[in-house]
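> I have a structure here, written as structure tokens, and I will follow up with some questions on it.
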Amino acid sequence: MARTSSSSPSSSSITKDAQDLLRALWSAYSATPTNLKIIDLYVAFAVFTALLQVVYMALVGTFPFNSFLSGVLSCVGTAVLAVCLRIQVNKENKEFKDLAPERAFADFVLCNVVLHLVIINFLG
Amino acid sequence: MATTAVGAAFLLLLLLPFSISIPQPISDSHRSAASNLFNQISPSLEDAYEALRVFEILAIEKKPLDTADTCKKVLENLGSSSPLKDVFYALKVNGILKCNIDGTIFKDIASRLKATLHDASTLLDIYYSVGSLVLIKDQASDVDVLLTDANGIFHSIKALSQSDGRWRYSSDNPESSTYASGLALEGLSGVISLASSEIDQSKVSIVKNGIVKLFDSIEKYDDGAFYFDEKFVRGSEPQGSLSTTSSVVRGVNAFAAVTSGKINLPGDTILGLAKFFLSIGIPGDAKDFFNQVESLSFLDSNRISIPLILSLPETVYSLTKKGQFKVKVSTVFGSAAPPLTVKLVRAFSTGAKDSAIIDSKELQYNQESGFHFLDSFPKNVDVGTYVFVLEIVLHDSESENVYATGGQIHVPIYVIGVIKVGNAEIAVLDSDLGNVETHNTLDLSGNDIVSLSANHLQKLRLSFQLETPNGRVFKPHQAFLKLHHETKIEHIFLVGNTGKKFEIIFDFLGLVEKLFYLSGKYDIELTVGDAVMVSCTTYYFKVTCSSLILLYRNLNKNILFQENSFSRLLGHVELDLPEAPEKAARPPLPPVDPYSRYGPNAEINHIFRAPEKRPPQKLSLVFLGLILLPFIGFLVGLLRLGVNLKNFPGSTVPATFATLFHLGLAAVLLLYVLFWLKLDLFTTLKTLGLLGVFTMFFGHRILSYLALTSTKLKSA
């Protein structure tokens, strides 16, 4: 009895702790500026798209492999570029203090253009 | 492959001794060839003349062309404006056809030709004019053609001659030609016959010396044929050796006919020229035919010396048939020679040149057939190749000055006969001890067949002897043994000879690899053959038939033209060979039937790679839809975040920049889609370069504007 009573509050407390933690995380994240949130959303979108393609490949096989690779790499690549943009745009990050966010965005656009040129070439 | 190579090698061996040819006089085959060759209607009078002349010389009664038509053409060409060459050939044709031509026409031409001769400078002009005048002299006796200035014209031709006896075509062409010499000599002889007063004899003798000098440049073949060769002369048609030689013969003959006294030319040269013309055989070209026949007719009737031709009806004699050695002596046109005796000076075997089998014997003469013959071959004549040295002795000592016989004539003769095959044995031996396991005596002339068996540790020995009718050891051109496996794989071995005996020993241990480790039944076939063992009736056919034997053997056909060359099955040997090791060569594929090469080829089947398995279309479409989900999530998230476009610049200029920047980006994306659909990389890169500059410019503008406003905000 004691055991069960002791076990159930402990498991509920773990859930509660986890909930508290998540809530704290969320509230901390809510303080993030909106432009960073947009980038996060974009990264999530890209990663999910990549995941979907991987699932599809797992279901039907790797043929045509170059198309699969270019699809996944397009998503992963643009996600990585977005993360880089996020690092540069973040005001908390003192390292890129002198870098204007507009300049960072221009880099992001240029890199995407080059990346997708390669991707399209590889798509077949 | 090996079969073909061996066959080809023997073929060469067999053909070699037959390459020396003995000229045959002009015969009926020439006449029938002429009828066939000149049966087309000749377009020019030159061709017509050649056809008519050949028919005249060969005494063919049929006319090669329509007389009335040709006479019409002759009349047209005798007009006042036609070129000299046409006039010349028209007169030549008229000389044979005797067309009805008015005397005034001849007079007009004669005066025109005389006028031309006065200021003619090139050799060809003089040649045609003088030649035409000579022809008019023969055809119309009432026309005055005599030249008052004969010495002058003679001199103007002579001026073109060179110190080596050759002539130039004109005074401004420095190159001399042998062909032109013939024309010049003919022209000179024409001038002499047209001269109204005597030509200076010293000039004539100078020309005679020139002829002798010209004959110093004559060329010679190995078989004693003489000919003139022409190197290319600028400004004239290239002439072959036949037309050059023919031109010289025509010129010298014409010159000799109009001058008194002999031209000092050796009879051998004349005979050599005759041999050259006869060795051509029957030319396939009308021009060559004319040159050959006309030159021979000149040689046959020339004043220097008339060649006599010795010909043989056959050069192959069989010892079994007791054939007679016969020769015939005639002129180049095959007519009878003056009384003469043919002497067989010497006859020797090609192998032993020093020991003569016949020494100095006169051939008997058969009046009816016109053959000189040797009544019988001496007993010591054996199969093989011989050279007979013959000499023509004229009975009348005066005719020795008229005829050229050519001294000693070497003639190759092939004697064939039955070869005795004896002491044939076939045996299987034990390899290490040499003990005879099985032993069979063969009768190679019979049909008995042996059956043997052996394994790879044993040897097979075959031996036999070949003897000529005179008991001499005979070495045939070909003696080889063929092993023929059931699977149609053949192996050919040459049978070597040691002294008297032919022997071949198969050491199967050393042969297993060559036999591809194939056990089983092998047919043994022995082929022994030689040109002198073969009997074929005529000289020419013999060449063909000995090669045919080889060809037929190679094709495995059992047709043989044998006196006793043979190719027969000796028997079978059952071989027991070890298993093939893994690395051993595979036996070749059975030979392809040579006739199938001309049939249709096998159809070509292209092998394509099987297409990869594609997923079901529905699944793919479902995933296409699913891909949209994160995008929708992204849009929903944006809405939830309350994203807006309030930061979009309000004023006109930055707004334009911003719009253009976004349009540029859209254009780049569209370009990528097009690249994927149809464009190639180079087009894409070029367009991308343009779009990139465009987008970069406006991007830079709008972003620097945004940066400026944000710094302003901060500072404010």
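Lettering and numbering for the structure tokens are positional, with chains as A, B, ... in the shown order, residues counted from 1 in each chain, and ligands counted from 1 in the shown order.
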Report as a PDB file with C-alpha atoms, in the first residue's frame all protein, DNA and RNA residues lying within 8 Å of Ile120 of chain A, evaluated on only C-alpha atoms, omitting residues in the same chain fewer than 4 positions from it.

```
ATOM      1  CA  SER A  70      18.698  16.327 -53.376  1.00  0.00           C
ATOM      2  CA  HIS A 116      19.332  25.358 -54.865  1.00  0.00           C
ATOM      3  CA  GLY A 124      17.981  14.683 -62.443  1.00  0.00           C
TER       4      GLY A 124
ATOM      5  CA  TYR B 672      15.436  26.808 -61.523  1.00  0.00           C
ATOM      6  CA  VAL B 673      12.138  25.181 -62.382  1.00  0.00           C
ATOM      7  CA  PHE B 675      16.366  24.315 -65.605  1.00  0.00           C
ATOM      8  CA  TRP B 676      14.872  21.201 -64.117  1.00  0.00           C
TER       9      TRP B 676
END
```
> Using only C-alpha atoms, what table do you get, as CSV, when you list each residue of chain A with an atom no more than 9 Å from chain B, its nearest pair of atoms, and their distance in Å rounded to one decimal, rows by chain then rising number?

```
residue,atom,partner,partner_atom,distance
A:Thr34,CA,B:Leu641,CA,7.0
A:Asn35,CA,B:Val643,CA,8.7
A:Lys37,CA,B:Leu641,CA,7.9
A:Ile38,CA,B:Leu638,CA,6.7
A:Leu41,CA,B:Phe634,CA,6.1
A:Tyr42,CA,B:Phe634,CA,6.5
A:Ala44,CA,B:Phe634,CA,8.0
A:Phe45,CA,B:Pro630,CA,5.1
A:Ala46,CA,B:Pro630,CA,7.7
A:Val47,CA,B:Pro630,CA,8.9
A:Phe48,CA,B:Pro630,CA,6.2
A:Thr49,CA,B:Ile627,CA,5.9
A:Ala50,CA,B:Ile627,CA,9.0
A:Leu52,CA,B:Ile627,CA,6.7
A:Gln53,CA,B:Ile627,CA,8.0
A:Tyr56,CA,B:Phe623,CA,7.0
A:Leu59,CA,B:Pro615,CA,8.8
A:Val60,CA,B:Pro615,CA,5.6
A:Gly61,CA,B:Pro615,CA,8.1
A:Phe63,CA,B:Glu612,CA,7.3
A:Pro64,CA,B:Glu612,CA,8.8
A:Ala100,CA,B:Ala707,CA,7.0
A:Pro101,CA,B:Ala707,CA,7.9
A:Glu102,CA,B:Leu703,CA,5.5
A:Arg103,CA,B:Leu703,CA,7.4
A:Phe105,CA,B:Leu703,CA,8.6
A:Ala106,CA,B:Gly699,CA,7.4
A:Val109,CA,B:Leu665,CA,8.7
A:Leu110,CA,B:Met696,CA,8.7
A:Val113,CA,B:Val668,CA,7.7
A:His116,CA,B:Tyr672,CA,7.8
A:Leu117,CA,B:Tyr672,CA,6.8
A:Ile120,CA,B:Trp676,CA,6.1
A:Asn121,CA,B:Trp676,CA,7.2
A:Leu123,CA,B:Trp676,CA,7.6
A:Gly124,CA,B:Trp676,CA,7.4
```
> How far is it from atom CA of Gly407 of chain B to atom CA of Lys213 of chain B, in Å with one decimal?
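Spanning atom CA of Gly407 of chain B to atom CA of Lys213 of chain B is a straight-line distance of 23.6 Å.
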> For atom CA of Ser74 of chain A and atom CA of Val54 of chain A, determine how far apart the two atoms are, in Å to one decimal place.
12.7 Å
> Out of B:Thr259, B:Ser80, B:Ser463, B:Asn401, which residue has the shortest atom-to-atom distance to Ile426 of chain B when counting only C-alpha atoms?
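Of the candidates, the smallest distance to Ile426 of chain B is held by B:Ser463.
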> What's the separation between atom CA of Thr527 of chain B and atom CA of Asp507 of chain B, in Å to one decimal place?
20.4 Å
> Any idea what's packed within 8 Å of Ile392 of chain B, counting only C-alpha atoms, ignoring anything in its chain fewer than 2 positions away? Could you give it as JSON, numbers by chain?
{"B": [340, 341, 342, 343, 390, 394, 405, 407, 408]}
> Which of these residues is nearest to Phe226 of chain B, using only C-alpha atoms: B:Pro238, B:Gly272, B:Pro25, B:Gly190?
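Ranking B:Pro238, B:Gly272, B:Pro25, B:Gly190 by distance to Phe226 of chain B, first place goes to B:Gly272.
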> Using only C-alpha atoms, find the one residue out of A:Asp20, A:Leu51, A:Phe96, A:Tyr29 that sits nearest to Cys75 of chain A.
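For Cys75 of chain A, the nearest of the candidates is A:Leu51.
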